[in-house]
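data-v9.txt, holding compact mmCIF, C-alpha atoms and all ligand atoms:
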# COMPACT_ATOMS: atom_id res chain seq x y z
CA MET O 4 8.21 -35.98 -33.09
CA LYS O 5 5.02 -37.18 -31.47
CA ILE O 6 2.13 -34.77 -31.90
CA THR O 7 -1.14 -35.04 -29.98
CA MET O 8 -3.78 -32.65 -31.25
CA ALA O 9 -6.03 -30.73 -28.85
CA SER O 10 -9.56 -32.07 -29.16
CA ASN O 11 -11.06 -28.64 -28.62
CA LYS O 12 -9.56 -25.51 -30.09
CA LYS O 13 -10.01 -22.44 -27.91
CA PRO O 14 -11.65 -19.35 -29.35
CA LYS O 15 -9.00 -16.71 -30.10
CA PRO O 16 -9.00 -13.63 -27.88
CA ASP O 17 -9.56 -10.13 -29.27
CA PHE O 18 -6.09 -9.40 -30.67
CA SER O 19 -6.57 -5.68 -30.10
CA LYS O 20 -6.92 -6.14 -26.33
CA LEU O 21 -4.32 -8.73 -25.42
CA GLY O 22 -2.36 -7.29 -22.52
CA PHE O 23 0.62 -9.48 -21.59
CA GLY O 24 0.69 -13.23 -20.91
CA LYS O 25 -3.00 -13.81 -20.29
CA TYR O 26 -3.90 -16.12 -23.19
CA PHE O 27 -2.24 -19.32 -24.32
CA THR O 28 -2.33 -21.23 -27.59
CA ASP O 29 -3.84 -24.72 -27.98
CA HIS O 30 -0.58 -26.69 -27.85
CA MET O 31 2.75 -26.74 -26.04
CA MET O 32 6.09 -28.48 -26.46
CA VAL O 33 7.38 -30.84 -23.77
CA MET O 34 10.53 -32.87 -23.22
CA ASP O 35 11.47 -34.84 -20.08
CA TYR O 36 14.87 -35.59 -18.56
CA ASN O 37 15.29 -39.00 -16.91
CA ASP O 38 18.23 -41.32 -16.25
CA GLY O 39 20.77 -38.73 -17.33
CA GLU O 40 19.31 -37.82 -20.72
CA TRP O 41 16.66 -35.80 -22.45
CA GLY O 42 13.89 -37.80 -24.09
CA ASN O 43 12.00 -37.06 -27.27
CA ILE O 44 10.19 -33.82 -27.94
CA GLU O 45 6.42 -34.00 -28.00
CA ILE O 46 3.76 -31.51 -28.96
CA VAL O 47 0.73 -31.91 -26.72
CA PRO O 48 -2.43 -29.96 -25.92
CA PHE O 49 -1.82 -26.97 -23.60
CA ASP O 50 -3.12 -28.25 -20.27
CA CYS O 51 -2.48 -28.31 -16.52
CA MET O 52 0.48 -30.45 -15.50
CA GLN O 53 0.11 -32.99 -12.73
CA MET O 54 2.87 -33.07 -10.16
CA SER O 55 3.48 -34.19 -6.62
CA PRO O 56 3.13 -31.47 -3.98
CA ALA O 57 6.70 -32.43 -3.04
CA THR O 58 8.07 -31.55 -6.49
CA ASN O 59 11.50 -30.01 -6.11
CA CYS O 60 10.93 -26.81 -8.11
CA LEU O 61 7.85 -25.91 -6.05
CA HIS O 62 9.93 -25.79 -2.88
CA TYR O 63 13.46 -24.78 -3.82
CA ALA O 64 12.92 -22.88 -7.11
CA GLN O 65 15.26 -24.97 -9.21
CA GLY O 66 13.76 -23.58 -12.38
CA ILE O 67 14.72 -21.31 -15.27
CA PHE O 68 12.96 -19.71 -18.20
CA GLU O 69 13.42 -17.63 -21.31
CA GLY O 70 11.41 -15.05 -23.23
CA ALA O 71 11.39 -14.64 -27.01
CA LYS O 72 8.84 -13.59 -29.63
CA ALA O 73 7.47 -14.73 -33.00
CA TYR O 74 6.08 -12.31 -35.56
CA LYS O 75 4.14 -12.43 -38.81
CA THR O 76 5.66 -10.16 -41.46
CA PRO O 77 3.54 -8.02 -43.83
CA GLU O 78 4.10 -10.84 -46.39
CA GLY O 79 2.66 -13.41 -43.96
CA GLU O 80 6.01 -15.06 -43.16
CA ILE O 81 6.51 -16.34 -39.62
CA THR O 82 9.73 -15.08 -38.07
CA SER O 83 11.50 -14.91 -34.76
CA PHE O 84 14.40 -12.93 -33.34
CA ARG O 85 17.81 -14.21 -32.15
CA LEU O 86 16.41 -17.45 -30.69
CA ASP O 87 19.89 -18.94 -30.75
CA GLU O 88 20.88 -16.33 -28.16
CA ASN O 89 17.91 -17.25 -25.95
CA PHE O 90 18.72 -20.95 -25.99
CA ALA O 91 22.42 -20.31 -25.38
CA ARG O 92 21.50 -18.14 -22.39
CA MET O 93 19.10 -20.82 -21.17
CA ASN O 94 21.87 -23.40 -21.19
CA ARG O 95 24.07 -20.97 -19.22
CA SER O 96 21.23 -20.47 -16.71
CA ALA O 97 20.84 -24.26 -16.53
CA SER O 98 24.54 -24.72 -15.70
CA ARG O 99 24.32 -22.06 -12.97
CA MET O 100 21.27 -23.77 -11.44
CA CYS O 101 22.78 -27.27 -11.59
CA MET O 102 20.34 -28.31 -14.31
CA PRO O 103 21.19 -30.32 -17.45
CA ASN O 104 22.03 -28.57 -20.72
CA PHE O 105 19.99 -29.46 -23.80
CA ASP O 106 20.64 -29.76 -27.51
CA VAL O 107 19.77 -26.36 -28.98
CA ASP O 108 19.06 -27.69 -32.51
CA LYS O 109 16.69 -30.32 -31.17
CA VAL O 110 14.70 -27.81 -29.12
CA MET O 111 14.77 -25.29 -31.97
CA ASN O 112 13.24 -27.92 -34.30
CA GLY O 113 10.51 -28.60 -31.75
CA LEU O 114 9.76 -24.91 -31.39
CA VAL O 115 9.65 -24.41 -35.16
CA GLU O 116 7.06 -27.21 -35.44
CA LEU O 117 5.04 -25.73 -32.58
CA LEU O 118 5.09 -22.27 -34.17
CA LYS O 119 3.99 -23.64 -37.55
CA PHE O 120 1.19 -25.43 -35.78
CA GLU O 121 0.04 -22.31 -33.92
CA LYS O 122 0.61 -19.75 -36.67
CA ASP O 123 -2.99 -18.50 -36.53
CA TRP O 124 -2.29 -17.34 -32.99
CA ILE O 125 0.35 -14.84 -34.12
CA PRO O 126 -1.35 -11.45 -33.91
CA THR O 127 -0.50 -8.77 -36.45
CA ASN O 128 -1.96 -5.65 -34.82
CA GLU O 129 0.59 -2.89 -34.17
CA GLY O 130 2.86 -3.79 -31.24
CA THR O 131 1.58 -7.36 -30.84
CA SER O 132 3.44 -10.67 -31.23
CA LEU O 133 3.41 -14.28 -30.07
CA TYR O 134 5.45 -14.51 -26.87
CA ILE O 135 7.52 -17.68 -26.51
CA ARG O 136 8.19 -18.93 -22.99
CA PRO O 137 10.67 -21.85 -22.78
CA THR O 138 10.82 -23.15 -19.20
CA MET O 139 12.77 -25.87 -17.39
CA ILE O 140 11.78 -27.18 -13.95
CA ALA O 141 13.21 -29.69 -11.49
CA THR O 142 10.70 -32.51 -11.00
CA ASP O 143 12.08 -34.88 -8.35
CA PRO O 144 9.27 -35.44 -5.81
CA MET O 145 11.56 -35.23 -2.78
CA LEU O 146 12.03 -32.71 0.00
CA GLY O 147 15.76 -33.07 0.58
CA VAL O 148 17.60 -30.03 -0.78
CA HIS O 149 19.51 -31.42 -3.72
CA ALA O 150 19.92 -30.96 -7.46
CA SER O 151 17.02 -32.87 -9.00
CA HIS O 152 17.67 -35.95 -11.14
CA THR O 153 14.59 -35.41 -13.29
CA TYR O 154 13.47 -32.32 -15.20
CA LYS O 155 10.74 -31.11 -17.50
CA PHE O 156 11.36 -28.69 -20.35
CA PHE O 157 8.32 -27.06 -21.88
CA ILE O 158 7.52 -24.20 -24.22
CA ILE O 159 4.23 -22.34 -24.07
CA LEU O 160 3.08 -19.57 -26.42
CA SER O 161 1.03 -16.50 -25.59
CA PRO O 162 -0.28 -13.82 -27.98
CA VAL O 163 0.71 -10.51 -26.37
CA GLY O 164 0.40 -6.77 -26.70
CA ALA O 165 2.52 -4.19 -24.87
CA TYR O 166 4.12 -5.37 -21.61
CA TYR O 167 3.31 -2.10 -19.86
CA ALA O 168 -0.35 -1.14 -19.72
CA ASN O 169 0.56 2.37 -20.91
CA GLY O 170 2.28 1.08 -24.05
CA LEU O 171 4.95 3.52 -25.18
CA LYS O 172 4.11 6.17 -22.59
CA PRO O 173 7.31 6.79 -20.57
CA THR O 174 7.53 4.73 -17.38
CA LYS O 175 8.17 6.00 -13.89
CA ILE O 176 10.83 4.15 -11.94
CA LEU O 177 11.97 4.38 -8.35
CA VAL O 178 15.59 3.82 -7.34
CA GLU O 179 15.54 1.01 -4.76
CA GLU O 180 17.83 1.85 -1.87
CA LYS O 181 16.90 -0.81 0.70
CA TYR O 182 16.39 -4.12 -1.07
CA VAL O 183 18.68 -5.70 -3.64
CA ARG O 184 17.94 -7.99 -6.58
CA ALA O 185 21.22 -9.85 -6.94
CA SER O 186 24.81 -9.72 -5.85
CA ILE O 187 27.99 -10.70 -7.61
CA GLY O 188 28.42 -14.44 -7.18
CA GLY O 189 24.64 -14.86 -6.85
CA THR O 190 22.19 -15.77 -9.60
CA GLY O 191 21.55 -12.33 -11.13
CA GLU O 192 22.92 -13.19 -14.55
CA ALA O 193 20.87 -16.40 -14.77
CA LYS O 194 17.23 -16.22 -15.82
CA CYS O 195 16.07 -18.23 -12.83
CA MET O 196 12.71 -18.15 -11.12
CA GLY O 197 13.86 -17.07 -7.65
CA ASN O 198 15.27 -13.76 -8.96
CA TYR O 199 11.76 -12.65 -9.83
CA ALA O 200 10.22 -13.73 -6.52
CA ALA O 201 12.98 -11.83 -4.70
CA SER O 202 12.12 -8.65 -6.60
CA LEU O 203 8.40 -8.54 -5.79
CA LEU O 204 8.40 -6.76 -2.43
CA ALA O 205 10.35 -3.75 -3.67
CA SER O 206 8.17 -3.59 -6.82
CA GLU O 207 4.96 -3.65 -4.79
CA ILE O 208 6.23 -0.86 -2.52
CA ALA O 209 7.25 1.23 -5.57
CA ILE O 210 3.82 0.67 -7.16
CA SER O 211 2.10 1.77 -3.94
CA LYS O 212 4.09 5.00 -4.18
CA GLY O 213 2.89 5.63 -7.74
CA TYR O 214 5.87 4.24 -9.69
CA ASP O 215 5.76 1.49 -12.27
CA GLN O 216 8.81 -0.45 -11.10
CA VAL O 217 12.23 -0.19 -9.45
CA LEU O 218 15.74 0.52 -10.64
CA TRP O 219 18.04 -1.85 -8.78
CA LEU O 220 21.39 -0.72 -7.43
CA ASP O 221 24.38 -2.99 -6.90
CA ALA O 222 24.16 -5.09 -3.74
CA ALA O 223 27.62 -4.31 -2.31
CA GLU O 224 27.57 -0.51 -2.27
CA ARG O 225 24.00 0.49 -3.25
CA LYS O 226 25.73 2.88 -5.61
CA TYR O 227 25.72 1.67 -9.20
CA ALA O 228 22.65 1.40 -11.43
CA GLU O 229 22.03 -2.21 -12.48
CA GLU O 230 18.70 -2.94 -14.20
CA VAL O 231 14.92 -2.76 -13.88
CA GLY O 232 12.60 -5.74 -13.18
CA ALA O 233 12.25 -6.92 -16.77
CA MET O 234 14.66 -4.73 -18.69
CA ASN O 235 18.23 -3.50 -19.02
CA MET O 236 18.82 0.23 -18.67
CA PHE O 237 20.35 2.94 -20.86
CA PHE O 238 21.09 6.58 -20.02
CA VAL O 239 21.88 9.23 -22.63
CA ILE O 240 24.26 11.74 -21.06
CA ASP O 241 25.59 14.48 -23.36
CA ASP O 242 26.23 12.61 -26.60
CA GLU O 243 26.98 9.23 -25.01
CA VAL O 244 24.63 6.31 -24.57
CA ILE O 245 25.68 4.57 -21.35
CA THR O 246 24.50 1.15 -20.18
CA PRO O 247 25.62 -0.66 -17.01
CA GLU O 248 28.30 -3.19 -17.84
CA LEU O 249 27.61 -6.87 -17.24
CA VAL O 250 29.39 -7.36 -13.94
CA GLY O 251 27.77 -10.70 -13.04
CA SER O 252 24.63 -9.55 -11.23
CA ILE O 253 22.78 -8.20 -14.30
CA LEU O 254 20.87 -10.26 -16.85
CA PRO O 255 22.76 -10.13 -20.17
CA GLY O 256 19.77 -9.00 -22.21
CA ILE O 257 19.47 -9.96 -25.86
CA THR O 258 17.63 -6.72 -26.61
CA ARG O 259 20.42 -4.86 -24.75
CA LYS O 260 23.03 -6.51 -26.95
CA SER O 261 20.99 -5.75 -30.08
CA ALA O 262 20.45 -2.12 -29.01
CA ILE O 263 24.19 -1.64 -28.50
CA GLU O 264 24.98 -3.08 -31.95
CA LEU O 265 22.20 -1.16 -33.68
CA LEU O 266 23.01 2.21 -32.08
CA ARG O 267 26.74 1.80 -32.81
CA SER O 268 25.95 0.98 -36.43
CA GLU O 269 24.00 4.25 -36.60
CA GLY O 270 27.08 6.13 -35.39
CA TYR O 271 26.17 6.62 -31.73
CA LYS O 272 28.80 6.29 -29.04
CA VAL O 273 27.62 3.50 -26.74
CA VAL O 274 29.60 2.83 -23.58
CA GLU O 275 29.23 -0.19 -21.28
CA ARG O 276 30.49 0.81 -17.87
CA ARG O 277 29.48 1.09 -14.25
CA ILE O 278 27.41 4.22 -13.72
CA SER O 279 26.51 5.44 -10.26
CA ILE O 280 23.11 6.81 -9.39
CA ASP O 281 24.87 9.96 -8.13
CA GLU O 282 26.47 10.45 -11.54
CA ILE O 283 23.02 10.13 -13.12
CA ALA O 284 21.53 12.64 -10.64
CA LYS O 285 24.43 15.08 -11.22
CA ALA O 286 24.01 14.82 -14.99
CA TYR O 287 20.29 15.50 -14.51
CA ASP O 288 21.02 18.60 -12.37
CA GLU O 289 23.40 19.89 -15.01
CA GLY O 290 20.87 19.33 -17.79
CA ARG O 291 23.05 16.65 -19.39
CA LEU O 292 20.77 13.63 -18.82
CA LYS O 293 18.96 13.73 -22.15
CA GLU O 294 17.12 10.40 -22.27
CA SER O 295 16.71 7.12 -20.49
CA PHE O 296 15.16 3.88 -21.70
CA GLY O 297 14.95 0.20 -20.90
CA THR O 298 15.25 -2.78 -23.25
CA GLY O 299 13.78 -6.27 -23.03
CA THR O 300 11.94 -8.86 -25.08
CA ALA O 301 8.63 -8.13 -23.38
CA ALA O 302 9.33 -4.43 -22.82
CA VAL O 303 10.95 -3.95 -26.29
CA VAL O 304 12.36 -0.38 -25.97
CA SER O 305 10.58 1.53 -23.21
CA PRO O 306 11.18 5.21 -22.54
CA VAL O 307 11.76 6.17 -18.90
CA GLY O 308 10.12 9.49 -18.07
CA VAL O 309 10.75 9.74 -14.34
CA ILE O 310 13.47 8.43 -12.04
CA GLY O 311 12.59 8.84 -8.36
CA TYR O 312 15.64 9.07 -6.09
CA LYS O 313 16.03 10.31 -2.53
CA GLY O 314 12.58 11.85 -2.38
CA ARG O 315 12.60 13.74 -5.66
CA ASP O 316 11.50 12.92 -9.18
CA MET O 317 13.93 13.54 -12.01
CA ILE O 318 11.77 14.24 -15.03
CA ILE O 319 13.61 13.22 -18.15
CA ASN O 320 13.05 14.88 -21.54
CA ASN O 321 9.84 16.46 -20.34
CA ASN O 322 8.46 12.97 -19.71
CA GLU O 323 8.42 12.31 -23.45
CA MET O 324 10.10 9.65 -25.57
CA GLY O 325 13.51 11.00 -26.67
CA THR O 326 14.90 10.98 -30.21
CA ILE O 327 17.47 8.23 -29.69
CA THR O 328 14.90 6.06 -27.86
CA ASN O 329 12.45 6.63 -30.69
CA GLU O 330 15.02 5.87 -33.39
CA LEU O 331 16.06 2.67 -31.62
CA TYR O 332 12.46 1.58 -31.05
CA THR O 333 11.54 2.19 -34.69
CA LYS O 334 14.61 0.57 -36.25
CA LEU O 335 14.58 -2.46 -33.95
CA THR O 336 10.87 -3.17 -34.33
CA ASP O 337 11.10 -2.57 -38.10
CA ILE O 338 13.72 -5.35 -38.24
CA GLN O 339 11.69 -7.62 -35.93
CA TYR O 340 8.46 -7.14 -37.89
CA GLY O 341 10.18 -7.54 -41.28
CA ARG O 342 9.62 -3.91 -42.36
CA ARG O 343 13.35 -3.18 -42.66
CA ASP O 344 16.29 -5.00 -44.14
CA ASP O 345 17.93 -7.18 -41.46
CA LYS O 346 21.61 -6.38 -42.08
CA PHE O 347 22.57 -8.01 -38.77
CA ASP O 348 21.10 -11.41 -39.62
CA TRP O 349 19.01 -11.46 -36.42
CA VAL O 350 15.72 -12.59 -37.90
CA ILE O 351 14.99 -16.32 -38.08
CA LYS O 352 12.53 -17.47 -40.75
CA ILE O 353 10.17 -20.19 -39.56
CA ASN O 354 8.18 -21.07 -42.70
N1 LIG U 1 16.60 -8.02 -17.14
C1 LIG U 1 15.71 -8.87 -16.61
C2 LIG U 1 15.74 -9.10 -15.15
C3 LIG U 1 14.77 -9.53 -17.44
O1 LIG U 1 13.88 -10.37 -16.93
C4 LIG U 1 14.81 -9.28 -18.83
C5 LIG U 1 13.88 -9.98 -19.72
O2 LIG U 1 14.14 -10.97 -20.29
C6 LIG U 1 15.77 -8.41 -19.34
C7 LIG U 1 16.65 -7.79 -18.47
C8 LIG U 1 15.89 -8.17 -20.81
O3 LIG U 1 16.46 -9.28 -21.46
P1 LIG U 1 16.10 -9.64 -22.95
O4 LIG U 1 16.39 -8.42 -23.76
O5 LIG U 1 16.99 -10.77 -23.29
O6 LIG U 1 14.66 -9.99 -22.99
C1 LIG U 2 11.05 -11.08 -21.15
O1 LIG U 2 11.23 -9.91 -21.51
O2 LIG U 2 10.92 -11.99 -21.95
C2 LIG U 2 10.98 -11.44 -19.75
O3 LIG U 2 11.29 -12.55 -19.44
C3 LIG U 2 10.52 -10.45 -18.81
C4 LIG U 2 9.43 -10.89 -17.95
C5 LIG U 2 8.06 -10.89 -18.46
C6 LIG U 2 9.75 -11.59 -16.74

Is it possible to give me this structure as structure tokens?
Ligand code: PLP
Ligand code: COI
Amino acid sequence: MKITMASNKKPKPDFSKLGFGKYFTDHMMVMDYNDGEWGNIEIVPFDCMQMSPATNCLHYAQGIFEGAKAYKTPEGEITSFRLDENFARMNRSASRMCMPNFDVDKVMNGLVELLKFEKDWIPTNEGTSLYIRPTMIATDPMLGVHASHTYKFFIILSPVGAYYANGLKPTKILVEEKYVRASIGGTGEAKCMGNYAASLLASEIAISKGYDQVLWLDAAERKYAEEVGAMNMFFVIDDEVITPELVGSILPGITRKSAIELLRSEGYKVVERRISIDEIAKAYDEGRLKESFGTGTAAVVSPVGVIGYKGRDMIINNNEMGTITNELYTKLTDIQYGRRDDKFDWVIKIN
């Protein structure tokens, strides 16, 4: 692996005030696809990338990405969480977007080297981690709409704190009734760039109304709860934990999958099924909607305190983090940060 060291190392930011995705480490991993195959992995200084203004991904959004995290355990070990799942999902996204698959072991080796290199950038303050952003873009400099013949794969690293500015304070979400994020047969289950651009207008409108983000409904009937901008959703009704099933328009979250496994192993009944917004509102009216939370790599486990629907706010659990949400948050982060035995074999040791 070719490694080019950065001539100037950047000063590290204040790890107690990181926010999300604002700072980047000194190096990145790159790999190019030409003539039908991926080339060698290189580690190079983190820098701007030169490209033609006609570059395919800039016009037609043939691009995908992933989100994962690295941690430093109390013993100083560098670890990560279920990276194999991220790279498998990235290859599925690539297939959906007509992009080439890559060798997971090869990319994993490159990432391990990059993480070892940048280990001083892994923050250890409560709730912080080193966010890993693998990205693949189409690089043909041509305006015809076509699947590119050349691609760039890169991984950048960013020390992060909580994704939401309010940390673990419950979020306020608005049910989106006009716009949709994805429909069955579309690209909703791929982690592709255009999905996020398509979601911005509804998010901005929700923010202007005092909400943090939107809860998407299914595109066909505007009836079933799907997911929130950067997280999968869970609703605790009576003694059941319900999460929308993966019907094809929802991102199959790795934190979602982990939450289901973890909660089941703790004896909770977790059901994956379609759940309509009217069923959620009815359960709320009958006092049976006990908790709601979202899961995601960036969002971790985020309590939902308010769901706005048809002009009224449903205030869940007194706008406080519920017991199941809290138990899941604690047990999952204890595994991720190496404070609890990892009986699921999710943690990957880097050094
Ligand atoms: N849904 C969307 C649209 C997302 O962007 C994310 C974040 O990756 C998630 C759900 C949660 O997925 P994961 O738990 O794999 O991070
Ligand atoms: C993640 O949780 O890793 C995401 O990709 C969400 C986001 C910041 C778009």

Dump as a Markdown table the rows for residues of chain O within 9 Å of ligand LIG 2 (chain U): closest atom pair and distance in Å with one decimal, only C-alpha atoms and all ligand atoms counted, ordered by chain and rising residue number.
| residue | atom | partner | partner_atom | distance |
| --- | --- | --- | --- | --- |
| O:Phe23 | CA | U:LIG2 | C5 | 8.2 |
| O:Gly24 | CA | U:LIG2 | C5 | 8.1 |
| O:Phe68 | CA | U:LIG2 | O3 | 7.5 |
| O:Glu69 | CA | U:LIG2 | O3 | 5.8 |
| O:Gly70 | CA | U:LIG2 | O2 | 3.4 |
| O:Ala71 | CA | U:LIG2 | O2 | 5.7 |
| O:Lys72 | CA | U:LIG2 | O2 | 8.1 |
| O:Tyr134 | CA | U:LIG2 | O2 | 7.8 |
| O:Ile135 | CA | U:LIG2 | O2 | 8.0 |
| O:Arg136 | CA | U:LIG2 | O2 | 7.5 |
| O:Tyr166 | CA | U:LIG2 | C5 | 7.5 |
| O:Lys194 | CA | U:LIG2 | O3 | 7.9 |
| O:Tyr199 | CA | U:LIG2 | C6 | 7.3 |
| O:Gly232 | CA | U:LIG2 | C6 | 7.4 |
| O:Ala233 | CA | U:LIG2 | C3 | 4.4 |
| O:Met234 | CA | U:LIG2 | O1 | 6.8 |
| O:Gly256 | CA | U:LIG2 | O1 | 8.6 |
| O:Thr258 | CA | U:LIG2 | O1 | 8.8 |
| O:Thr298 | CA | U:LIG2 | O1 | 8.4 |
| O:Gly299 | CA | U:LIG2 | O1 | 4.7 |
| O:Thr300 | CA | U:LIG2 | O1 | 3.8 |
| O:Ala301 | CA | U:LIG2 | O1 | 3.7 |
| O:Ala302 | CA | U:LIG2 | O1 | 5.9 |
| O:Val303 | CA | U:LIG2 | O1 | 7.6 |

Extending 3 Å beyond the listed atoms of ligand LIG 1 (chain U) on each side, what axis-aligned box results? I want centre and edge lengths in Å to one decimal, as lines of an AutoDock Vina configuration file.
center_x = 15.4
center_y = -9.4
center_z = -19.5
size_x = 9.1
size_y = 9.2
size_z = 14.6

Please identify all polymer residues within 7 Å of segment 174-181 of chain O, counting all atoms listed in the file, omitting same-chain residues fewer than 3 positions from it, and present them as a list in words.
-> Ala209, Tyr214, Asp215, Gln216, Val217, Leu218, Trp219, Leu220, Arg225, Pro306, Val307, Gly308, Val309, Ile310, Gly311 and Tyr312 of chain O

Export, as a PDB file, in the coordinates of the input, the selected residues with C-alpha atoms.
ATOM      1  CA  ALA O 209       7.250   1.230  -5.570  1.00  0.00           C
ATOM      2  CA  TYR O 214       5.870   4.240  -9.690  1.00  0.00           C
ATOM      3  CA  ASP O 215       5.760   1.490 -12.270  1.00  0.00           C
ATOM      4  CA  GLN O 216       8.810  -0.450 -11.100  1.00  0.00           C
ATOM      5  CA  VAL O 217      12.230  -0.190  -9.450  1.00  0.00           C
ATOM      6  CA  LEU O 218      15.740   0.520 -10.640  1.00  0.00           C
ATOM      7  CA  TRP O 219      18.040  -1.850  -8.780  1.00  0.00           C
ATOM      8  CA  LEU O 220      21.390  -0.720  -7.430  1.00  0.00           C
ATOM      9  CA  ARG O 225      24.000   0.490  -3.250  1.00  0.00           C
ATOM     10  CA  PRO O 306      11.180   5.210 -22.540  1.00  0.00           C
ATOM     11  CA  VAL O 307      11.760   6.170 -18.900  1.00  0.00           C
ATOM     12  CA  GLY O 308      10.120   9.490 -18.070  1.00  0.00           C
ATOM     13  CA  VAL O 309      10.750   9.740 -14.340  1.00  0.00           C
ATOM     14  CA  ILE O 310      13.470   8.430 -12.040  1.00  0.00           C
ATOM     15  CA  GLY O 311      12.590   8.840  -8.360  1.00  0.00           C
ATOM     16  CA  TYR O 312      15.640   9.070  -6.090  1.00  0.00           C
TER      17      TYR O 312
END

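Between ligand LIG 1 (chain U) and the residues O:Arg99, O:Lys20, O:Lys260, O:Lys346, the shortest atom-to-atom distance, using all atoms listed in the file, involves O:Lys260.
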
For atom P1 of ligand LIG 1 (chain U) and atom CA of Arg291 of chain O, determine how far apart the two atoms are, in Å to one decimal place.
->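 For atom P1 of ligand LIG 1 (chain U) relative to atom CA of Arg291 of chain O, the distance reads 27.4 Å.
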
Counting all atoms listed in the file, the option among O:Glu192, O:Glu282, O:Glu116, O:Glu323 closest to ligand LIG 1 (chain U) | O:Glu192

Between atom C2 of ligand LIG 1 (chain U) and atom CA of Lys172 of chain O, what is the distance, to one decimal in Å?
-> 20.6 Å

Counting all atoms listed in the file, which of O:Arg259, O:Lys293, O:His30, O:Lys313 gets nearest to ligand LIG 1 (chain U)?
-> O:Arg259

Check the smallest atom-to-atom distance from each of O:Tyr182, O:Phe238, O:Tyr26, O:Phe90 to ligand LIG 1 (chain U) using all atoms listed in the file, then report the winner.
->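 Using all atoms listed in the file, ligand LIG 1 (chain U) sits closest to O:Phe90.
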
Suppose you want the space between atom CA of Glu294 of chain O and atom CA of Asn329 of chain O; what is it in Å?
-> 10.3 Å

Do a neighbour search on Arg267 of chain O at 12 Å with all atoms listed in the file, toss out local chain neighbours closer than 6 positions, and write the hits as a list in words.
-> Glu243, Val244, Ile245, Lys260, Ser261, Val273, Val274, Glu275, Ile327 and Leu331 of chain O

Those same residues - C-alpha atoms - I'd like them written as a PDB file, in the frame of the given file.
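The file below, out.pdb, is the result:
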ATOM      1  CA  GLU O 243      26.980   9.230 -25.010  1.00  0.00           C
ATOM      2  CA  VAL O 244      24.630   6.310 -24.570  1.00  0.00           C
ATOM      3  CA  ILE O 245      25.680   4.570 -21.350  1.00  0.00           C
ATOM      4  CA  LYS O 260      23.030  -6.510 -26.950  1.00  0.00           C
ATOM      5  CA  SER O 261      20.990  -5.750 -30.080  1.00  0.00           C
ATOM      6  CA  VAL O 273      27.620   3.500 -26.740  1.00  0.00           C
ATOM      7  CA  VAL O 274      29.600   2.830 -23.580  1.00  0.00           C
ATOM      8  CA  GLU O 275      29.230  -0.190 -21.280  1.00  0.00           C
ATOM      9  CA  ILE O 327      17.470   8.230 -29.690  1.00  0.00           C
ATOM     10  CA  LEU O 331      16.060   2.670 -31.620  1.00  0.00           C
TER      11      LEU O 331
END

Pick the closest to ligand LIG 1 (chain U) from O:Asp344, O:Asp87, O:Glu45, O:Asp29: which is it, counting all atoms listed in the file?
->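 Nearest to ligand LIG 1 (chain U): O:Asp87.
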
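The set of protein, DNA and RNA residues with any counted atom at most 10 Å from (20.0, 16.1, -18.1) (only C-alpha atoms) reads Phe238, Val239, Ile240, Asp241, Ile283, Ala284, Lys285, Ala286, Tyr287, Asp288, Glu289, Gly290, Arg291, Leu292, Lys293, Glu294, Ser295, Met317, Ile318, Ile319 and Asn320 of chain O.
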
Would you list the contacts of segment 137-151 of chain O as a ChimeraX atom specification, taking every protein, DNA or RNA residue within 9 Å and counting only C-alpha atoms, but skipping same-chain residues closer than 4 positions in sequence?
-> /O:32,54-71,90,93,97,100-102,155-160

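For the set O:Leu266, O:Ile44, O:Leu21, O:Ile338, the residue with the smallest atom-to-atom gap to Ala168 of chain O is O:Leu21, counting all atoms listed in the file.
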